[in-house]
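Chemist: For reference, this is final-v7.csv, and it has CSV, C-alpha atoms.
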chain,number,residue,atom,x,y,z
T,1,GLU,CA,-19.7,-27.8,12.0
T,2,PRO,CA,-16.7,-25.5,12.2
T,3,GLU,CA,-16.8,-22.6,9.8
T,4,VAL,CA,-14.8,-19.6,8.6
T,5,THR,CA,-16.4,-16.4,9.8
T,6,GLN,CA,-16.0,-13.0,8.1
T,7,THR,CA,-16.9,-9.5,9.2
T,8,PRO,CA,-18.3,-7.2,8.1
T,9,SER,CA,-20.7,-8.8,5.6
T,10,HIS,CA,-20.8,-5.5,3.7
T,11,GLN,CA,-18.4,-2.6,3.6
T,12,VAL,CA,-18.9,0.7,1.8
T,13,THR,CA,-16.0,3.1,1.6
T,14,GLN,CA,-14.9,6.1,-0.3
T,15,MET,CA,-12.1,5.8,-2.9
T,16,GLY,CA,-8.7,6.4,-1.2
T,17,GLN,CA,-9.8,5.2,2.2
T,18,GLU,CA,-8.3,2.3,4.1
T,19,VAL,CA,-10.4,-0.8,4.8
T,20,ILE,CA,-9.7,-3.8,7.0
T,21,LEU,CA,-11.6,-7.0,6.3
T,22,ARG,CA,-11.6,-9.5,9.1
T,23,CYS,CA,-11.7,-13.3,9.2
T,24,VAL,CA,-11.7,-16.0,11.9
T,25,PRO,CA,-10.4,-19.2,10.2
T,26,ILE,CA,-11.4,-22.7,11.4
T,27,SER,CA,-9.5,-23.3,14.7
T,28,ASN,CA,-7.3,-26.2,13.8
T,29,HIS,CA,-6.4,-25.0,10.3
T,30,LEU,CA,-2.9,-23.8,9.6
T,31,TYR,CA,-3.2,-22.1,6.2
T,32,PHE,CA,-5.2,-19.0,5.5
T,33,TYR,CA,-6.1,-17.4,2.3
T,34,TRP,CA,-7.8,-14.4,0.7
T,35,TYR,CA,-9.6,-14.6,-2.6
T,36,ARG,CA,-11.8,-12.1,-4.3
T,37,GLN,CA,-14.6,-12.3,-6.9
T,38,ILE,CA,-15.6,-9.3,-8.9
T,39,LEU,CA,-19.3,-9.5,-9.9
T,40,GLY,CA,-19.8,-11.9,-12.7
T,41,GLN,CA,-16.2,-13.0,-12.8
T,42,LYS,CA,-13.9,-15.7,-11.6
T,43,VAL,CA,-12.8,-16.3,-8.1
T,44,GLU,CA,-9.3,-15.0,-8.0
T,45,PHE,CA,-6.4,-15.9,-5.6
T,46,LEU,CA,-4.9,-13.0,-3.7
T,47,VAL,CA,-2.6,-14.4,-1.0
T,48,SER,CA,-1.9,-17.4,1.3
T,49,PHE,CA,-0.5,-17.2,4.8
T,50,TYR,CA,1.2,-19.8,7.0
T,51,ASN,CA,3.2,-19.6,10.2
T,52,ASN,CA,2.9,-15.8,10.2
T,53,GLU,CA,4.3,-15.4,6.8
T,54,ILE,CA,3.0,-15.0,3.2
T,55,SER,CA,3.3,-18.3,1.4
T,56,GLU,CA,2.3,-17.1,-2.0
T,57,LYS,CA,0.7,-14.0,-3.5
T,58,SER,CA,-0.7,-13.1,-6.9
T,59,GLU,CA,-0.1,-10.1,-9.1
T,60,ILE,CA,-3.3,-8.6,-7.7
T,61,PHE,CA,-1.7,-8.5,-4.3
T,62,ASP,CA,0.4,-5.4,-4.7
T,63,ASP,CA,1.7,-2.9,-2.2
T,64,GLN,CA,-1.7,-1.6,-1.4
T,65,PHE,CA,-2.6,-4.9,0.2
T,66,SER,CA,-1.4,-6.4,3.4
T,67,VAL,CA,-2.3,-9.3,5.6
T,68,GLU,CA,-1.9,-9.9,9.3
T,69,ARG,CA,-2.7,-12.4,12.0
T,70,PRO,CA,-2.8,-10.0,14.9
T,71,ASP,CA,-3.8,-12.7,17.5
T,72,GLY,CA,-4.4,-16.4,17.7
T,73,SER,CA,-7.7,-16.3,16.0
T,74,ASN,CA,-8.1,-13.4,13.6
T,75,PHE,CA,-6.7,-13.0,10.1
T,76,THR,CA,-7.1,-9.6,8.4
T,77,LEU,CA,-6.8,-8.1,4.9
T,78,LYS,CA,-6.0,-4.4,4.7
T,79,ILE,CA,-6.3,-2.3,1.6
T,80,ARG,CA,-4.5,0.9,2.2
T,81,SER,CA,-6.0,3.2,-0.4
T,82,THR,CA,-9.0,1.7,-2.1
T,83,LYS,CA,-9.7,2.1,-5.7
T,84,LEU,CA,-13.0,1.7,-7.6
T,85,GLU,CA,-11.7,-1.5,-9.1
T,86,ASP,CA,-11.3,-3.0,-5.6
T,87,SER,CA,-15.0,-3.4,-5.4
T,88,ALA,CA,-15.6,-7.1,-5.1
T,89,MET,CA,-16.7,-9.9,-2.8
T,90,TYR,CA,-13.7,-10.9,-0.7
T,91,PHE,CA,-13.5,-14.4,0.6
T,92,CYS,CA,-11.4,-15.7,3.4
T,93,ALA,CA,-10.6,-19.4,3.4
T,94,SER,CA,-8.6,-21.8,5.5
T,95,SER,CA,-7.2,-25.3,5.1
T,96,GLU,CA,-5.7,-27.9,7.4
T,97,GLY,CA,-2.5,-28.2,5.4
T,98,ARG,CA,-1.0,-31.7,5.5
T,99,GLY,CA,-0.3,-31.7,1.8
T,100,SER,CA,-3.7,-30.9,0.4
T,101,GLU,CA,-5.5,-27.8,-0.7
T,102,LYS,CA,-9.1,-28.5,0.4
T,103,LEU,CA,-10.2,-25.0,1.1
T,104,PHE,CA,-13.2,-23.9,3.3
T,105,PHE,CA,-14.5,-20.5,2.5
T,106,GLY,CA,-16.1,-17.9,4.7
T,107,SER,CA,-19.4,-16.2,3.6
T,108,GLY,CA,-17.5,-13.2,2.3
T,109,THR,CA,-17.3,-9.4,2.7
T,110,GLN,CA,-18.9,-7.4,-0.1
T,111,LEU,CA,-16.7,-4.3,-0.6
T,112,SER,CA,-18.1,-1.4,-2.4
T,113,VAL,CA,-15.8,1.5,-3.2
T,114,LEU,CA,-17.5,4.7,-4.2
N,1,GLN,CA,-0.8,-18.1,-17.8
N,2,LYS,CA,-2.6,-20.9,-16.1
N,3,GLU,CA,-6.2,-21.2,-17.3
N,4,VAL,CA,-9.2,-23.2,-16.3
N,5,GLU,CA,-12.0,-23.2,-18.8
N,6,GLN,CA,-15.7,-24.1,-18.3
N,7,ASN,CA,-18.8,-23.6,-20.4
N,8,SER,CA,-20.7,-20.9,-18.7
N,9,GLY,CA,-24.1,-22.4,-19.5
N,10,PRO,CA,-26.7,-22.4,-18.5
N,11,LEU,CA,-27.0,-26.1,-18.5
N,12,SER,CA,-30.7,-27.0,-18.1
N,13,VAL,CA,-31.8,-30.5,-17.0
N,14,PRO,CA,-35.0,-31.9,-15.7
N,15,GLU,CA,-35.3,-33.2,-12.2
N,16,GLY,CA,-34.0,-36.8,-11.9
N,17,ALA,CA,-31.7,-36.5,-14.9
N,18,ILE,CA,-27.9,-36.7,-15.0
N,19,ALA,CA,-26.1,-33.3,-15.2
N,20,SER,CA,-22.6,-33.4,-16.8
N,21,LEU,CA,-20.3,-30.5,-16.2
N,22,ASN,CA,-16.9,-30.2,-17.9
N,23,CYS,CA,-13.7,-28.4,-17.3
N,24,THR,CA,-10.3,-28.2,-19.1
N,25,TYR,CA,-7.1,-26.8,-17.7
N,26,SER,CA,-3.9,-25.6,-19.4
N,27,ASP,CA,-1.1,-26.5,-16.9
N,28,ARG,CA,-0.1,-30.1,-17.6
N,29,GLY,CA,1.6,-30.1,-14.2
N,30,SER,CA,-1.6,-29.7,-12.3
N,31,GLN,CA,-1.9,-32.1,-9.4
N,32,SER,CA,-5.2,-31.6,-7.7
N,33,PHE,CA,-8.7,-30.8,-8.9
N,34,PHE,CA,-11.7,-29.6,-7.1
N,35,TRP,CA,-15.4,-28.9,-7.7
N,36,TYR,CA,-17.1,-26.2,-5.8
N,37,ARG,CA,-20.8,-25.2,-5.8
N,38,GLN,CA,-21.7,-21.6,-5.5
N,39,TYR,CA,-25.2,-20.4,-4.9
N,40,SER,CA,-26.0,-16.8,-6.1
N,41,GLY,CA,-24.5,-14.3,-3.7
N,42,LYS,CA,-22.9,-17.0,-1.5
N,43,SER,CA,-19.4,-18.4,-1.0
N,44,PRO,CA,-18.0,-21.5,-2.8
N,45,GLU,CA,-18.7,-24.8,-1.1
N,46,LEU,CA,-16.4,-27.8,-1.7
N,47,ILE,CA,-18.3,-30.8,-3.0
N,48,MET,CA,-15.6,-33.0,-4.6
N,49,PHE,CA,-11.9,-33.4,-5.0
N,50,ILE,CA,-9.8,-35.8,-7.1
N,51,TYR,CA,-6.1,-36.3,-7.4
N,52,SER,CA,-5.7,-39.4,-9.6
N,53,ASN,CA,-6.9,-40.4,-13.1
N,54,GLY,CA,-10.2,-42.2,-13.2
N,55,ASP,CA,-13.5,-41.8,-11.4
N,56,LYS,CA,-14.3,-40.9,-7.8
N,57,GLU,CA,-17.8,-41.2,-6.4
N,58,ASP,CA,-19.5,-39.6,-3.5
N,59,GLY,CA,-23.2,-40.0,-3.2
N,60,ARG,CA,-24.9,-38.6,-6.2
N,61,PHE,CA,-21.6,-36.9,-7.4
N,62,THR,CA,-18.9,-38.5,-9.5
N,63,ALA,CA,-15.7,-36.7,-10.5
N,64,GLN,CA,-13.8,-37.9,-13.5
N,65,LEU,CA,-10.2,-36.9,-14.2
N,66,ASN,CA,-8.2,-37.5,-17.4
N,67,LYS,CA,-4.7,-35.9,-17.0
N,68,ALA,CA,-3.6,-36.9,-20.5
N,69,SER,CA,-6.5,-34.9,-22.0
N,70,GLN,CA,-6.3,-32.2,-19.2
N,71,TYR,CA,-10.0,-32.7,-18.6
N,72,VAL,CA,-12.1,-32.9,-15.4
N,73,SER,CA,-15.8,-33.5,-15.2
N,74,LEU,CA,-18.5,-33.7,-12.6
N,75,LEU,CA,-21.6,-35.9,-13.0
N,76,ILE,CA,-24.6,-35.3,-10.8
N,77,ARG,CA,-27.1,-38.1,-10.8
N,78,ASP,CA,-30.7,-37.8,-9.9
N,79,SER,CA,-30.5,-34.0,-10.2
N,80,GLN,CA,-32.7,-32.0,-7.8
N,81,PRO,CA,-33.9,-28.4,-8.0
N,82,SER,CA,-31.7,-27.7,-5.0
N,83,ASP,CA,-28.7,-28.6,-7.2
N,84,SER,CA,-29.4,-25.4,-9.2
N,85,ALA,CA,-26.2,-23.3,-8.7
N,86,THR,CA,-23.0,-22.4,-10.4
N,87,TYR,CA,-20.4,-25.1,-10.3
N,88,LEU,CA,-16.7,-24.0,-10.2
N,89,CYS,CA,-13.8,-26.1,-11.3
N,90,ALA,CA,-10.6,-25.3,-9.5
N,91,VAL,CA,-7.1,-26.6,-10.1
N,92,ASN,CA,-4.0,-26.6,-8.0
N,93,THR,CA,-0.6,-27.2,-9.6
N,94,ALA,CA,1.2,-28.4,-6.5
N,95,ASN,CA,-1.3,-30.4,-4.4
N,96,GLN,CA,0.2,-28.5,-1.6
N,97,ALA,CA,-1.3,-26.3,1.1
N,98,GLY,CA,-0.6,-22.7,0.8
N,99,THR,CA,-0.6,-22.6,-3.0
N,100,ALA,CA,-3.1,-20.9,-5.2
N,101,LEU,CA,-6.2,-22.5,-6.5
N,102,ILE,CA,-7.0,-21.4,-10.1
N,103,PHE,CA,-10.7,-21.2,-10.7
N,104,GLY,CA,-12.8,-21.5,-13.8
N,105,LYS,CA,-15.6,-19.0,-14.3
N,106,GLY,CA,-18.2,-21.7,-13.5
N,107,THR,CA,-21.1,-23.4,-15.2
N,108,THR,CA,-24.6,-22.5,-14.2
N,109,LEU,CA,-26.8,-25.5,-13.7
N,110,SER,CA,-30.6,-25.2,-13.7
N,111,VAL,CA,-32.7,-28.2,-12.6
N,112,SER,CA,-36.4,-27.9,-13.4
N,113,SER,CA,-39.0,-29.7,-11.4
In structure tokens, how does this file's structure come out?

Modeler:
Amino acid sequence: EPEVTQTPSHQVTQMGQEVILRCVPISNHLYFYWYRQILGQKVEFLVSFYNNEISEKSEIFDDQFSVERPDGSNFTLKIRSTKLEDSAMYFCASSEGRGSEKLFFGSGTQLSVL
Amino acid sequence: QKEVEQNSGPLSVPEGAIASLNCTYSDRGSQSFFWYRQYSGKSPELIMFIYSNGDKEDGRFTAQLNKASQYVSLLIRDSQPSDSATYLCAVNTANQAGTALIFGKGTTLSVSS
């Protein structure tokens, strides 16, 4: 069964450092997303991406964040200067499009900012 | 502020019983509704979606939607210990790809054998 894959599974970084989280969405899906979940809290929307453009972004997705689809398969989330409060599980997701929002999530990257 | 509310639980049921999970949402314009299951330390897994008022059944799962009451529920029949997880209600205001899903905090279900 097709799945969304994310790397790395764990990332530890120092505050102020840049991190890049990587995702390979399901191959025939057109929409890509990043969500995050701080330990014990809700899953929160960060950004959606379609046709090489951001479709929607939340208030969390400020200038420190960026997304990119550098080639035909990868989808990345970059955090330029990490803060302690960026520590969370980051989930990539994808959907077919076609008028519905059935999301399929990757296994996540646990980001720890020290 | 669009909100999705769930009782955090834990909801404890014996094996074989019916588990009933509830969710309310604040945005009356919400169009599509989803139930995800999340095991501890894992990613959300889609188990049900519903767009229209009424019931929708899939195997042991039934989703119920009442837009007038802004209420969504999930029934799990013949609960199994493997159903023990956190169940996340999620709502989309547009039923359109590329828009945000708003998640509730989840209800933890514990099924005892």

Chemist: At a cut-off of 10 Å, which residues of chain T touch chain N? Count all atoms listed in the file and give the answer as a VMD selection string.

Modeler: chain T and resid 30 to 35 37 39 to 50 54 to 58 89 to 110

Chemist: I'd like the interatomic distance between atom CA of Cys89 of chain N and atom CA of Ile18 of chain N, to a tenth of an Å.

Modeler: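 That distance, rounded to one decimal, is 18.0 Å.
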
Chemist: What does the structure give for the distance between atom CA of Cys23 of chain N and atom CA of Ser112 of chain N, in Å to one decimal?

Modeler: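 Value for the atom CA of Cys23 of chain N-atom CA of Ser112 of chain N distance: 23.0 Å.
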
Chemist: Write out as a PyMOL selection string the residues lying within 10 Å of segment 3-17 of chain N, counting all atoms listed in the file and excluding same-chain residues fewer than 4 positions away.

Modeler: chain N and resi 21-27+70-73+76-91+102-113

Chemist: Measure the distance from atom CA of Ile79 of chain T to atom CA of Ser9 of chain T in Å and round it to one decimal.

Modeler: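 Result for atom CA of Ile79 of chain T versus atom CA of Ser9 of chain T: 16.3 Å, one decimal.
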
Chemist: Taking (-7.8, -17.7, 16.8) in the coordinates of the supplied file, I want to know which residues reach to within 6 Å of it, counting only C-alpha atoms; could you give the answer as a PDB file with C-alpha atoms, in the frame of the given file?

Modeler:
ATOM      1  CA  GLY T  72      -4.400 -16.400  17.700  1.00  0.00           C
ATOM      2  CA  SER T  73      -7.700 -16.300  16.000  1.00  0.00           C
ATOM      3  CA  ASN T  74      -8.100 -13.400  13.600  1.00  0.00           C
TER       4      ASN T  74
END

Chemist: In file coordinates, which residues lie within 9 Å of (-19.4, 1.0, 4.2) using all atoms listed in the file, given as number ranges by chain?

Modeler: T: 10-14, 111-113

Chemist: Which of these residues is nearest to Phe61 of chain T, using all atoms listed in the file: T:Ile38, T:His29, T:Phe75, T:Asp86?

Modeler: T:Asp86

Chemist: Some atoms are absent from segment 41-62 of chain N, so rebuild N, CA, C and O atoms and return them as an mmCIF file, keeping the file's coordinate frame.

Modeler:
data_model
loop_
_atom_site.group_PDB
_atom_site.id
_atom_site.type_symbol
_atom_site.label_atom_id
_atom_site.label_comp_id
_atom_site.auth_asym_id
_atom_site.auth_seq_id
_atom_site.Cartn_x
_atom_site.Cartn_y
_atom_site.Cartn_z
ATOM 1 N N GLY N 41 -24.731 -15.204 -4.798
ATOM 2 C CA GLY N 41 -24.500 -14.300 -3.700
ATOM 3 C C GLY N 41 -23.823 -14.997 -2.472
ATOM 4 O O GLY N 41 -23.638 -14.363 -1.434
ATOM 5 N N LYS N 42 -23.477 -16.278 -2.637
ATOM 6 C CA LYS N 42 -22.900 -17.000 -1.500
ATOM 7 C C LYS N 42 -21.438 -17.401 -1.839
ATOM 8 O O LYS N 42 -20.933 -17.151 -2.927
ATOM 9 N N SER N 43 -20.797 -18.030 -0.869
ATOM 10 C CA SER N 43 -19.400 -18.400 -1.000
ATOM 11 C C SER N 43 -19.310 -19.817 -1.672
ATOM 12 O O SER N 43 -20.259 -20.600 -1.617
ATOM 13 N N PRO N 44 -18.160 -20.129 -2.269
ATOM 14 C CA PRO N 44 -18.000 -21.500 -2.800
ATOM 15 C C PRO N 44 -17.962 -22.540 -1.718
ATOM 16 O O PRO N 44 -17.395 -22.331 -0.646
ATOM 17 N N GLU N 45 -18.564 -23.675 -2.038
ATOM 18 C CA GLU N 45 -18.700 -24.800 -1.100
ATOM 19 C C GLU N 45 -18.049 -26.016 -1.761
ATOM 20 O O GLU N 45 -18.484 -26.420 -2.849
ATOM 21 N N LEU N 46 -17.060 -26.616 -1.121
ATOM 22 C CA LEU N 46 -16.400 -27.800 -1.700
ATOM 23 C C LEU N 46 -17.320 -28.981 -1.735
ATOM 24 O O LEU N 46 -17.917 -29.345 -0.711
ATOM 25 N N ILE N 47 -17.453 -29.594 -2.922
ATOM 26 C CA ILE N 47 -18.300 -30.800 -3.000
ATOM 27 C C ILE N 47 -17.503 -32.024 -3.437
ATOM 28 O O ILE N 47 -17.884 -33.141 -3.089
ATOM 29 N N MET N 48 -16.423 -31.870 -4.185
ATOM 30 C CA MET N 48 -15.600 -33.000 -4.600
ATOM 31 C C MET N 48 -14.200 -32.619 -4.838
ATOM 32 O O MET N 48 -13.923 -31.488 -5.217
ATOM 33 N N PHE N 49 -13.294 -33.572 -4.638
ATOM 34 C CA PHE N 49 -11.900 -33.400 -5.000
ATOM 35 C C PHE N 49 -11.375 -34.677 -5.592
ATOM 36 O O PHE N 49 -11.841 -35.755 -5.223
ATOM 37 N N ILE N 50 -10.417 -34.575 -6.497
ATOM 38 C CA ILE N 50 -9.800 -35.800 -7.100
ATOM 39 C C ILE N 50 -8.398 -35.484 -7.443
ATOM 40 O O ILE N 50 -8.042 -34.374 -7.871
ATOM 41 N N TYR N 51 -7.537 -36.479 -7.220
ATOM 42 C CA TYR N 51 -6.100 -36.300 -7.400
ATOM 43 C C TYR N 51 -5.576 -37.259 -8.516
ATOM 44 O O TYR N 51 -4.556 -36.970 -9.135
ATOM 45 N N SER N 52 -6.262 -38.407 -8.705
ATOM 46 C CA SER N 52 -5.700 -39.400 -9.600
ATOM 47 C C SER N 52 -6.666 -39.622 -10.797
ATOM 48 O O SER N 52 -7.880 -39.392 -10.703
ATOM 49 N N ASN N 53 -6.101 -40.082 -11.887
ATOM 50 C CA ASN N 53 -6.900 -40.400 -13.100
ATOM 51 C C ASN N 53 -8.000 -41.400 -12.727
ATOM 52 O O ASN N 53 -7.813 -42.298 -11.901
ATOM 53 N N GLY N 54 -9.148 -41.226 -13.373
ATOM 54 C CA GLY N 54 -10.200 -42.200 -13.200
ATOM 55 C C GLY N 54 -11.446 -41.474 -12.556
ATOM 56 O O GLY N 54 -11.613 -40.267 -12.686
ATOM 57 N N ASP N 55 -12.271 -42.282 -11.936
ATOM 58 C CA ASP N 55 -13.500 -41.800 -11.400
ATOM 59 C C ASP N 55 -13.450 -41.823 -9.833
ATOM 60 O O ASP N 55 -12.810 -42.698 -9.245
ATOM 61 N N LYS N 56 -14.156 -40.871 -9.239
ATOM 62 C CA LYS N 56 -14.300 -40.900 -7.800
ATOM 63 C C LYS N 56 -15.773 -40.526 -7.490
ATOM 64 O O LYS N 56 -16.277 -39.508 -7.956
ATOM 65 N N GLU N 57 -16.415 -41.390 -6.718
ATOM 66 C CA GLU N 57 -17.800 -41.200 -6.400
ATOM 67 C C GLU N 57 -18.070 -40.843 -4.992
ATOM 68 O O GLU N 57 -17.402 -41.344 -4.085
ATOM 69 N N ASP N 58 -19.030 -39.940 -4.811
ATOM 70 C CA ASP N 58 -19.500 -39.600 -3.500
ATOM 71 C C ASP N 58 -20.934 -39.248 -3.521
ATOM 72 O O ASP N 58 -21.328 -38.173 -3.963
ATOM 73 N N GLY N 59 -21.739 -40.223 -3.106
ATOM 74 C CA GLY N 59 -23.200 -40.000 -3.200
ATOM 75 C C GLY N 59 -23.671 -39.882 -4.590
ATOM 76 O O GLY N 59 -23.369 -40.707 -5.450
ATOM 77 N N ARG N 60 -24.372 -38.794 -4.871
ATOM 78 C CA ARG N 60 -24.900 -38.600 -6.200
ATOM 79 C C ARG N 60 -23.842 -37.941 -7.157
ATOM 80 O O ARG N 60 -24.099 -37.742 -8.335
ATOM 81 N N PHE N 61 -22.669 -37.629 -6.624
ATOM 82 C CA PHE N 61 -21.600 -36.900 -7.400
ATOM 83 C C PHE N 61 -20.525 -37.899 -7.812
ATOM 84 O O PHE N 61 -20.090 -38.734 -7.022
ATOM 85 N N THR N 62 -20.080 -37.760 -9.057
ATOM 86 C CA THR N 62 -18.900 -38.500 -9.500
ATOM 87 C C THR N 62 -17.990 -37.495 -10.239
ATOM 88 O O THR N 62 -18.420 -36.785 -11.141
#
